[in-house]
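Asks: For reference, this is query22.pdb, and it has PDB, C-alpha atoms.
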ATOM      1  CA  LEU A   1    -195.371 -13.569 114.946
ATOM      2  CA  THR A   2    -193.294 -14.375 111.920
ATOM      3  CA  GLY A   3    -189.829 -13.154 112.908
ATOM      4  CA  GLU A   4    -190.221  -9.675 111.431
ATOM      5  CA  PHE A   5    -189.666  -7.853 114.753
ATOM      6  CA  PRO A   6    -186.419  -7.666 116.771
ATOM      7  CA  GLY A   7    -186.288 -10.535 119.246
ATOM      8  CA  ASP A   8    -189.321 -12.212 117.630
ATOM      9  CA  TYR A   9    -188.969 -15.969 117.346
ATOM     10  CA  GLY A  10    -192.614 -16.796 116.620
ATOM     11  CA  TRP A  11    -193.537 -17.727 120.181
ATOM     12  CA  ASP A  12    -196.820 -16.115 121.225
ATOM     13  CA  THR A  13    -198.904 -18.581 123.227
ATOM     14  CA  GLN A  14    -201.004 -15.799 124.768
ATOM     15  CA  GLY A  15    -201.926 -14.265 121.416
ATOM     16  CA  LEU A  16    -200.559 -10.839 122.347
ATOM     17  CA  SER A  17    -199.801 -10.076 118.708
ATOM     18  CA  ALA A  18    -203.354 -10.737 117.459
ATOM     19  CA  ASP A  19    -204.296  -7.046 117.326
ATOM     20  CA  PRO A  20    -201.608  -5.017 115.482
ATOM     21  CA  THR A  21    -202.408  -1.752 117.312
ATOM     22  CA  THR A  22    -202.208  -3.342 120.751
ATOM     23  CA  PHE A  23    -199.104  -5.265 119.734
ATOM     24  CA  ALA A  24    -197.382  -2.040 118.638
ATOM     25  CA  ALA A  25    -198.125  -0.541 122.052
ATOM     26  CA  TYR A  26    -196.766  -3.678 123.760
ATOM     27  CA  ARG A  27    -193.572  -3.511 121.673
ATOM     28  CA  GLU A  28    -193.023   0.128 122.542
ATOM     29  CA  THR A  29    -193.676  -0.536 126.224
ATOM     30  CA  GLU A  30    -191.306  -3.500 126.240
ATOM     31  CA  VAL A  31    -188.458  -1.504 124.670
ATOM     32  CA  ILE A  32    -188.957   1.440 127.061
ATOM     33  CA  HIS A  33    -189.019  -0.899 130.086
ATOM     34  CA  ALA A  34    -185.981  -2.740 128.734
ATOM     35  CA  ARG A  35    -184.018   0.497 128.433
ATOM     36  CA  TRP A  36    -184.936   1.554 131.962
ATOM     37  CA  ALA A  37    -184.066  -1.911 133.287
ATOM     38  CA  MET A  38    -180.625  -1.770 131.639
ATOM     39  CA  LEU A  39    -179.996   1.611 133.257
ATOM     40  CA  GLY A  40    -181.396   0.385 136.575
ATOM     41  CA  THR A  41    -179.239  -2.732 136.597
ATOM     42  CA  LEU A  42    -176.136  -0.643 136.003
ATOM     43  CA  GLY A  43    -177.285   1.862 138.627
ATOM     44  CA  CYS A  44    -177.776  -0.885 141.213
ATOM     45  CA  LEU A  45    -174.346  -2.416 140.634
ATOM     46  CA  THR A  46    -172.085   0.606 140.111
ATOM     47  CA  PRO A  47    -172.248   2.251 143.570
ATOM     48  CA  GLU A  48    -171.768  -1.070 145.334
ATOM     49  CA  LEU A  49    -168.871  -2.069 143.059
ATOM     50  CA  LEU A  50    -167.183   1.322 143.496
ATOM     51  CA  SER A  51    -167.598   1.192 147.257
ATOM     52  CA  LYS A  52    -166.504  -2.425 147.714
ATOM     53  CA  TYR A  53    -163.644  -2.724 145.216
ATOM     54  CA  SER A  54    -162.450   0.830 144.496
ATOM     55  CA  GLY A  55    -162.775   2.324 147.958
ATOM     56  CA  VAL A  56    -164.973   5.189 146.780
ATOM     57  CA  PRO A  57    -166.660   6.599 149.900
ATOM     58  CA  ILE A  58    -170.399   6.281 149.248
ATOM     59  CA  ALA A  59    -172.663   6.799 152.271
ATOM     60  CA  GLU A  60    -175.042   3.995 151.272
ATOM     61  CA  PRO A  61    -173.973   1.989 148.209
ATOM     62  CA  VAL A  62    -176.753  -0.626 148.373
ATOM     63  CA  TRP A  63    -179.437   0.374 145.872
ATOM     64  CA  PHE A  64    -182.553  -0.278 147.958
ATOM     65  CA  LYS A  65    -181.170   1.541 151.002
ATOM     66  CA  ALA A  66    -179.773   4.593 149.205
ATOM     67  CA  GLY A  67    -183.055   6.495 149.035
ATOM     68  CA  SER A  68    -183.468   6.397 152.808
ATOM     69  CA  GLN A  69    -180.519   8.781 153.103
ATOM     70  CA  ILE A  70    -182.862  11.647 152.297
ATOM     71  CA  PHE A  71    -184.377  11.182 155.757
ATOM     72  CA  ALA A  72    -180.959  11.292 157.471
ATOM     73  CA  GLU A  73    -179.763  14.335 159.413
ATOM     74  CA  GLY A  74    -177.895  16.014 156.553
ATOM     75  CA  GLY A  75    -180.047  14.804 153.691
ATOM     76  CA  LEU A  76    -178.813  13.086 150.550
ATOM     77  CA  ASP A  77    -175.775  14.253 148.571
ATOM     78  CA  TYR A  78    -175.413  13.096 144.980
ATOM     79  CA  LEU A  79    -172.113  11.206 144.636
ATOM     80  CA  GLY A  80    -171.336  12.221 148.232
ATOM     81  CA  ASN A  81    -170.776  15.829 147.195
ATOM     82  CA  PRO A  82    -173.131  18.446 148.703
ATOM     83  CA  SER A  83    -172.300  20.964 145.971
ATOM     84  CA  LEU A  84    -173.768  18.748 143.212
ATOM     85  CA  VAL A  85    -177.287  17.901 144.399
ATOM     86  CA  HIS A  86    -178.205  18.199 148.051
ATOM     87  CA  ALA A  87    -181.680  16.763 148.658
ATOM     88  CA  GLN A  88    -183.508  17.162 151.964
ATOM     89  CA  SER A  89    -187.175  17.151 150.947
ATOM     90  CA  ILE A  90    -188.940  14.092 149.605
ATOM     91  CA  LEU A  91    -191.717  16.343 148.301
ATOM     92  CA  ALA A  92    -189.239  18.418 146.286
ATOM     93  CA  ILE A  93    -187.771  15.213 144.845
ATOM     94  CA  LEU A  94    -191.247  13.986 143.952
ATOM     95  CA  ALA A  95    -192.130  17.291 142.274
ATOM     96  CA  CYS A  96    -188.885  17.262 140.253
ATOM     97  CA  GLN A  97    -189.481  13.652 139.196
ATOM     98  CA  VAL A  98    -193.038  14.379 138.077
ATOM     99  CA  VAL A  99    -192.049  17.505 136.143
ATOM    100  CA  LEU A 100    -188.878  16.116 134.534
ATOM    101  CA  MET A 101    -190.100  12.590 133.769
ATOM    102  CA  GLY A 102    -193.587  13.767 132.855
ATOM    103  CA  GLY A 103    -192.135  16.357 130.495
ATOM    104  CA  ALA A 104    -189.789  13.867 128.870
ATOM    105  CA  GLU A 105    -192.549  11.282 128.445
ATOM    106  CA  ALA A 106    -195.004  13.858 127.107
ATOM    107  CA  TYR A 107    -192.360  15.009 124.636
ATOM    108  CA  ARG A 108    -191.669  11.419 123.573
ATOM    109  CA  VAL A 109    -195.326  10.470 123.169
ATOM    110  CA  ASN A 110    -196.540  13.661 121.502
ATOM    111  CA  GLY A 111    -193.667  14.359 119.178
ATOM    112  CA  GLY A 112    -192.303  17.801 119.911
ATOM    113  CA  PRO A 113    -190.316  20.058 117.569
ATOM    114  CA  ALA A 114    -187.385  17.652 117.155
ATOM    115  CA  GLY A 115    -189.527  14.530 117.093
ATOM    116  CA  GLU A 116    -192.318  15.025 114.568
ATOM    117  CA  GLY A 117    -192.724  12.127 112.183
ATOM    118  CA  LEU A 118    -190.048  10.022 113.872
ATOM    119  CA  ASP A 119    -190.350   6.408 114.984
ATOM    120  CA  ALA A 120    -191.483   6.342 118.623
ATOM    121  CA  ILE A 121    -189.145   3.496 119.584
ATOM    122  CA  ASN A 122    -186.063   4.299 117.469
ATOM    123  CA  PRO A 123    -186.328   7.952 116.480
ATOM    124  CA  GLY A 124    -182.913   8.309 114.830
ATOM    125  CA  GLY A 125    -181.967  11.741 113.494
ATOM    126  CA  ALA A 126    -180.793  14.021 116.311
ATOM    127  CA  PHE A 127    -181.348  11.134 118.738
ATOM    128  CA  ASP A 128    -178.660   9.087 116.954
ATOM    129  CA  PRO A 129    -175.542  11.289 117.090
ATOM    130  CA  LEU A 130    -173.214   8.300 116.575
ATOM    131  CA  GLY A 131    -174.977   7.266 113.376
ATOM    132  CA  LEU A 132    -175.708   3.738 114.598
ATOM    133  CA  ALA A 133    -178.835   3.552 112.424
ATOM    134  CA  ASP A 134    -177.108   4.568 109.193
ATOM    135  CA  ASP A 135    -176.565   0.981 108.009
ATOM    136  CA  PRO A 136    -179.897  -0.926 107.996
ATOM    137  CA  ASP A 137    -178.287  -4.341 108.595
ATOM    138  CA  THR A 138    -176.239  -3.112 111.551
ATOM    139  CA  PHE A 139    -179.272  -1.279 112.905
ATOM    140  CA  ALA A 140    -181.416  -4.429 112.712
ATOM    141  CA  GLU A 141    -178.715  -6.366 114.584
ATOM    142  CA  LEU A 142    -178.480  -3.640 117.241
ATOM    143  CA  LYS A 143    -182.253  -3.751 117.750
ATOM    144  CA  VAL A 144    -182.073  -7.490 118.445
ATOM    145  CA  LYS A 145    -179.150  -6.997 120.839
ATOM    146  CA  GLU A 146    -181.010  -4.199 122.620
ATOM    147  CA  ILE A 147    -184.167  -6.232 123.225
ATOM    148  CA  LYS A 148    -182.223  -9.343 124.280
ATOM    149  CA  ASN A 149    -180.112  -7.398 126.766
ATOM    150  CA  GLY A 150    -183.183  -5.472 127.910
ATOM    151  CA  ARG A 151    -185.116  -8.662 128.617
ATOM    152  CA  LEU A 152    -182.139  -9.990 130.556
ATOM    153  CA  ALA A 153    -181.945  -6.730 132.519
ATOM    154  CA  MET A 154    -185.640  -6.929 133.418
ATOM    155  CA  PHE A 155    -185.079 -10.409 134.855
ATOM    156  CA  SER A 156    -181.939  -9.152 136.607
ATOM    157  CA  MET A 157    -183.951  -6.435 138.318
ATOM    158  CA  LEU A 158    -186.480  -9.045 139.442
ATOM    159  CA  GLY A 159    -183.576 -11.011 140.902
ATOM    160  CA  TYR A 160    -182.293  -7.906 142.693
ATOM    161  CA  TYR A 161    -185.734  -7.361 144.249
ATOM    162  CA  VAL A 162    -185.961 -10.970 145.430
ATOM    163  CA  GLN A 163    -182.399 -10.894 146.798
ATOM    164  CA  ALA A 164    -183.087  -7.658 148.660
ATOM    165  CA  ILE A 165    -186.148  -9.139 150.336
ATOM    166  CA  ALA A 166    -184.528 -12.509 151.069
ATOM    167  CA  THR A 167    -181.099 -11.366 152.269
ATOM    168  CA  GLY A 168    -181.207  -7.637 152.955
ATOM    169  CA  LYS A 169    -177.996  -7.231 150.952
ATOM    170  CA  GLY A 170    -177.086  -5.799 147.592
ATOM    171  CA  PRO A 171    -176.366  -7.893 144.485
ATOM    172  CA  VAL A 172    -172.583  -7.470 144.648
ATOM    173  CA  GLU A 173    -172.395  -8.630 148.260
ATOM    174  CA  ASN A 174    -174.703 -11.575 147.504
ATOM    175  CA  TRP A 175    -172.534 -12.498 144.528
ATOM    176  CA  ALA A 176    -169.313 -12.232 146.565
ATOM    177  CA  GLU A 177    -170.751 -14.464 149.309
ATOM    178  CA  HIS A 178    -171.884 -17.016 146.726
ATOM    179  CA  ILE A 179    -168.451 -17.081 145.053
ATOM    180  CA  ALA A 180    -166.791 -17.595 148.453
ATOM    181  CA  ASP A 181    -169.097 -20.542 149.329
ATOM    182  CA  PRO A 182    -171.149 -21.716 146.326
ATOM    183  CA  SER A 183    -172.648 -24.786 147.985
ATOM    184  CA  GLY A 184    -173.530 -22.972 151.208
ATOM    185  CA  VAL A 185    -174.782 -19.669 149.829
ATOM    186  CA  ASN A 186    -177.183 -20.041 146.921
ATOM    187  CA  GLY A 187    -180.852 -19.759 146.072
ATOM    188  CA  LEU A 188    -181.592 -23.227 147.403
ATOM    189  CA  THR A 189    -180.331 -22.753 150.943
ATOM    190  CA  GLY A 190    -183.253 -22.272 153.314
ATOM    191  CA  ALA A 191    -181.248 -20.211 155.785
ATOM    192  CA  ILE A 192    -180.920 -17.325 153.326
ATOM    193  CA  ALA A 193    -184.651 -16.997 152.742
ATOM    194  CA  THR A 194    -185.306 -16.300 156.423
ATOM    195  CA  LYS A 195    -182.484 -13.862 157.227
ATOM    196  CA  PHE A 196    -184.252 -10.623 156.367
ATOM    197  CA  THR A 197    -187.731  -9.221 156.645
ATOM    198  CA  PRO A 198    -188.355  -5.720 155.313
TER     199      PRO A 198
END
When written as structure tokens, how does the structure in this file appear?
Replies:
Amino acid sequence: LTGEFPGDYGWDTQGLSADPTTFAAYRETEVIHARWAMLGTLGCLTPELLSKYSGVPIAEPVWFKAGSQIFAEGGLDYLGNPSLVHAQSILAILACQVVLMGGAEAYRVNGGPAGEGLDAINPGGAFDPLGLADDPDTFAELKVKEIKNGRLAMFSMLGYYVQAIATGKGPVENWAEHIADPSGVNGLTGAIATKFTP
């Protein structure tokens, strides 16, 4: 690594960049995972923040408990509104996920009518309606910001998973408890690590 890629600072102790083809696949995978992690982090926080601080009535705002609502008596309503999406079958959800995500991924990987000859990671063109890639210097800076924030989001999601297992609470509630009592509620207190077992 010589600093030619966004977020590349020359640190590669495992030699992951030795083979250019494999390294290109790793870069693409990292950016895709980073984008999903940024969306996931926002998706984990938003319902809990809206429920706790804005009073928005959400049946289950905690991210790791929300999916269980599909098994409840009335099923799962998107945004609490049965007229938007009313899900009652986990198999139907699974089928929709496979078809929609599989189709989108197949389109991304194989090109498709609007994607032939485009960069797989940053396609531009119709996929850049705001023209963020028009200026090469700004675009290079945005790529670095994207990968830095994406890496942070991936670690954030890992923290959310660990918090969910250790405390059985969402990230906003854990944060609020820590702010209220920083010395008593933190990652070093042994009492927290034994409060919840999934």
Asks: Please compute the atom CA of Ala37 of chain A-atom CA of Gly159 of chain A distance, one decimal, in Å.
Replies: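 Atom-to-atom, atom CA of Ala37 of chain A and atom CA of Gly159 of chain A are spaced 11.9 Å apart.
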Asks: Kindly resolve the PyMOL selection byres ((chain A and resi 61-64) around 8) on the present coordinates and return the residues as a list in words.
Replies: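 For this structure, the PyMOL selection byres ((chain A and resi 61-64) around 8) captures Gly43, Cys44, Leu45, Pro47, Glu48, Ser51, Ile58, Ala59, Glu60, Lys65, Ala66, Gly67, Ala164, Lys169 and Gly170 of chain A.
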Asks: Pick the closest to Glu30 of chain A from A:Ile70, A:Leu94, A:Met157, A:Ile147: which is it, counting all atoms listed in the file?
Replies: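 Among A:Ile70, A:Leu94, A:Met157, A:Ile147, it is A:Ile147 that comes nearest to Glu30 of chain A.
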Asks: For Glu4 of chain A, which of A:Ala140, A:Leu91, A:Ala106, A:Asn81 is the closest residue, counting all atoms listed in the file?
Replies: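 Closest to Glu4 of chain A, using all atoms listed in the file: A:Ala140.
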Asks: Which of these residues is nearest to Ala34 of chain A, using all atoms listed in the file: A:Asp77, A:Glu173, A:Glu146, A:Asp181?
Replies: A:Glu146
Asks: To one decimal place, how far is atom CA of Val185 of chain A from atom CA of Thr167 of chain A in Å?
Replies: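 Computed distance, atom CA of Val185 of chain A to atom CA of Thr167 of chain A, equals 10.7 Å.
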Asks: Please compute the atom CA of Leu142 of chain A-atom CA of Pro6 of chain A distance, one decimal, in Å.
Replies: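 Computing the Euclidean distance for atom CA of Leu142 of chain A and atom CA of Pro6 of chain A yields 8.9 Å.
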Asks: Tell me which of A:His86, A:Thr46, A:Ala166, A:Lys143 sits closest to Asn122 of chain A, counting only C-alpha atoms.
Replies: A:Lys143
Asks: Please write as a list of chain:residue names the full residue list that the PyMOL selection byres ((chain A and resi 75) around 9) yields on this file.
Replies: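 So the PyMOL selection byres ((chain A and resi 75) around 9) ends up selecting A:Gln69, A:Ile70, A:Phe71, A:Ala72, A:Glu73, A:Gly74, A:Leu76, A:Asp77, A:His86, A:Ala87, A:Gln88, A:Ser89.
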Asks: Any chance you could build segment 4-30 of chain A out to N, CA and C atoms and write it as a PDB file, keeping the file's coordinate frame?
Replies:
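What ended up in selection-v9.pdb:
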ATOM      1  N   GLU A   4    -190.484 -10.979 112.048  1.00  0.00           N
ATOM      2  CA  GLU A   4    -190.221  -9.675 111.431  1.00  0.00           C
ATOM      3  C   GLU A   4    -189.799  -8.611 112.428  1.00  0.00           C
ATOM      4  N   PHE A   5    -190.013  -8.833 113.729  1.00  0.00           N
ATOM      5  CA  PHE A   5    -189.666  -7.853 114.753  1.00  0.00           C
ATOM      6  C   PHE A   5    -188.390  -8.272 115.477  1.00  0.00           C
ATOM      7  N   PRO A   6    -187.627  -7.310 116.017  1.00  0.00           N
ATOM      8  CA  PRO A   6    -186.419  -7.666 116.771  1.00  0.00           C
ATOM      9  C   PRO A   6    -186.775  -8.541 117.979  1.00  0.00           C
ATOM     10  N   GLY A   7    -186.054  -9.638 118.123  1.00  0.00           N
ATOM     11  CA  GLY A   7    -186.288 -10.535 119.246  1.00  0.00           C
ATOM     12  C   GLY A   7    -187.526 -11.388 119.091  1.00  0.00           C
ATOM     13  N   ASP A   8    -188.100 -11.442 117.905  1.00  0.00           N
ATOM     14  CA  ASP A   8    -189.321 -12.212 117.630  1.00  0.00           C
ATOM     15  C   ASP A   8    -188.924 -13.567 117.069  1.00  0.00           C
ATOM     16  N   TYR A   9    -189.291 -14.616 117.786  1.00  0.00           N
ATOM     17  CA  TYR A   9    -188.969 -15.969 117.346  1.00  0.00           C
ATOM     18  C   TYR A   9    -190.225 -16.794 117.105  1.00  0.00           C
ATOM     19  N   GLY A  10    -191.381 -16.110 116.945  1.00  0.00           N
ATOM     20  CA  GLY A  10    -192.614 -16.796 116.620  1.00  0.00           C
ATOM     21  C   GLY A  10    -193.346 -17.403 117.800  1.00  0.00           C
ATOM     22  N   TRP A  11    -192.911 -17.130 118.994  1.00  0.00           N
ATOM     23  CA  TRP A  11    -193.537 -17.727 120.181  1.00  0.00           C
ATOM     24  C   TRP A  11    -194.502 -16.718 120.789  1.00  0.00           C
ATOM     25  N   ASP A  12    -195.785 -17.003 120.708  1.00  0.00           N
ATOM     26  CA  ASP A  12    -196.820 -16.115 121.225  1.00  0.00           C
ATOM     27  C   ASP A  12    -198.013 -16.944 121.683  1.00  0.00           C
ATOM     28  N   THR A  13    -197.844 -17.691 122.748  1.00  0.00           N
ATOM     29  CA  THR A  13    -198.904 -18.581 123.227  1.00  0.00           C
ATOM     30  C   THR A  13    -200.103 -17.822 123.777  1.00  0.00           C
ATOM     31  N   GLN A  14    -199.911 -16.586 124.214  1.00  0.00           N
ATOM     32  CA  GLN A  14    -201.004 -15.799 124.768  1.00  0.00           C
ATOM     33  C   GLN A  14    -201.757 -15.003 123.706  1.00  0.00           C
ATOM     34  N   GLY A  15    -201.270 -14.997 122.489  1.00  0.00           N
ATOM     35  CA  GLY A  15    -201.926 -14.265 121.416  1.00  0.00           C
ATOM     36  C   GLY A  15    -201.823 -12.759 121.564  1.00  0.00           C
ATOM     37  N   LEU A  16    -200.734 -12.278 122.130  1.00  0.00           N
ATOM     38  CA  LEU A  16    -200.559 -10.839 122.347  1.00  0.00           C
ATOM     39  C   LEU A  16    -200.367 -10.062 121.049  1.00  0.00           C
ATOM     40  N   SER A  17    -200.019 -10.762 119.980  1.00  0.00           N
ATOM     41  CA  SER A  17    -199.801 -10.076 118.708  1.00  0.00           C
ATOM     42  C   SER A  17    -201.021 -10.125 117.792  1.00  0.00           C
ATOM     43  N   ALA A  18    -202.162 -10.594 118.300  1.00  0.00           N
ATOM     44  CA  ALA A  18    -203.354 -10.737 117.459  1.00  0.00           C
ATOM     45  C   ALA A  18    -203.844  -9.396 116.920  1.00  0.00           C
ATOM     46  N   ASP A  19    -203.863  -8.368 117.749  1.00  0.00           N
ATOM     47  CA  ASP A  19    -204.296  -7.046 117.326  1.00  0.00           C
ATOM     48  C   ASP A  19    -203.061  -6.190 117.053  1.00  0.00           C
ATOM     49  N   PRO A  20    -202.839  -5.761 115.818  1.00  0.00           N
ATOM     50  CA  PRO A  20    -201.608  -5.017 115.482  1.00  0.00           C
ATOM     51  C   PRO A  20    -201.429  -3.726 116.281  1.00  0.00           C
ATOM     52  N   THR A  21    -202.521  -3.006 116.570  1.00  0.00           N
ATOM     53  CA  THR A  21    -202.408  -1.752 117.312  1.00  0.00           C
ATOM     54  C   THR A  21    -201.956  -2.010 118.749  1.00  0.00           C
ATOM     55  N   THR A  22    -202.585  -2.990 119.379  1.00  0.00           N
ATOM     56  CA  THR A  22    -202.208  -3.342 120.751  1.00  0.00           C
ATOM     57  C   THR A  22    -200.789  -3.890 120.783  1.00  0.00           C
ATOM     58  N   PHE A  23    -200.441  -4.700 119.786  1.00  0.00           N
ATOM     59  CA  PHE A  23    -199.104  -5.265 119.734  1.00  0.00           C
ATOM     60  C   PHE A  23    -198.044  -4.180 119.584  1.00  0.00           C
ATOM     61  N   ALA A  24    -198.327  -3.159 118.787  1.00  0.00           N
ATOM     62  CA  ALA A  24    -197.382  -2.040 118.638  1.00  0.00           C
ATOM     63  C   ALA A  24    -197.175  -1.333 119.969  1.00  0.00           C
ATOM     64  N   ALA A  25    -198.245  -1.162 120.728  1.00  0.00           N
ATOM     65  CA  ALA A  25    -198.125  -0.541 122.052  1.00  0.00           C
ATOM     66  C   ALA A  25    -197.322  -1.436 122.995  1.00  0.00           C
ATOM     67  N   TYR A  26    -197.535  -2.743 122.931  1.00  0.00           N
ATOM     68  CA  TYR A  26    -196.766  -3.678 123.760  1.00  0.00           C
ATOM     69  C   TYR A  26    -195.283  -3.625 123.399  1.00  0.00           C
ATOM     70  N   ARG A  27    -194.972  -3.562 122.111  1.00  0.00           N
ATOM     71  CA  ARG A  27    -193.572  -3.511 121.673  1.00  0.00           C
ATOM     72  C   ARG A  27    -192.894  -2.252 122.197  1.00  0.00           C
ATOM     73  N   GLU A  28    -193.589  -1.134 122.061  1.00  0.00           N
ATOM     74  CA  GLU A  28    -193.023   0.128 122.542  1.00  0.00           C
ATOM     75  C   GLU A  28    -192.811   0.082 124.048  1.00  0.00           C
ATOM     76  N   THR A  29    -193.786  -0.435 124.771  1.00  0.00           N
ATOM     77  CA  THR A  29    -193.676  -0.536 126.224  1.00  0.00           C
ATOM     78  C   THR A  29    -192.530  -1.457 126.623  1.00  0.00           C
ATOM     79  N   GLU A  30    -192.385  -2.571 125.911  1.00  0.00           N
ATOM     80  CA  GLU A  30    -191.306  -3.500 126.240  1.00  0.00           C
ATOM     81  C   GLU A  30    -189.939  -2.855 126.042  1.00  0.00           C
TER      82      GLU A  30
END
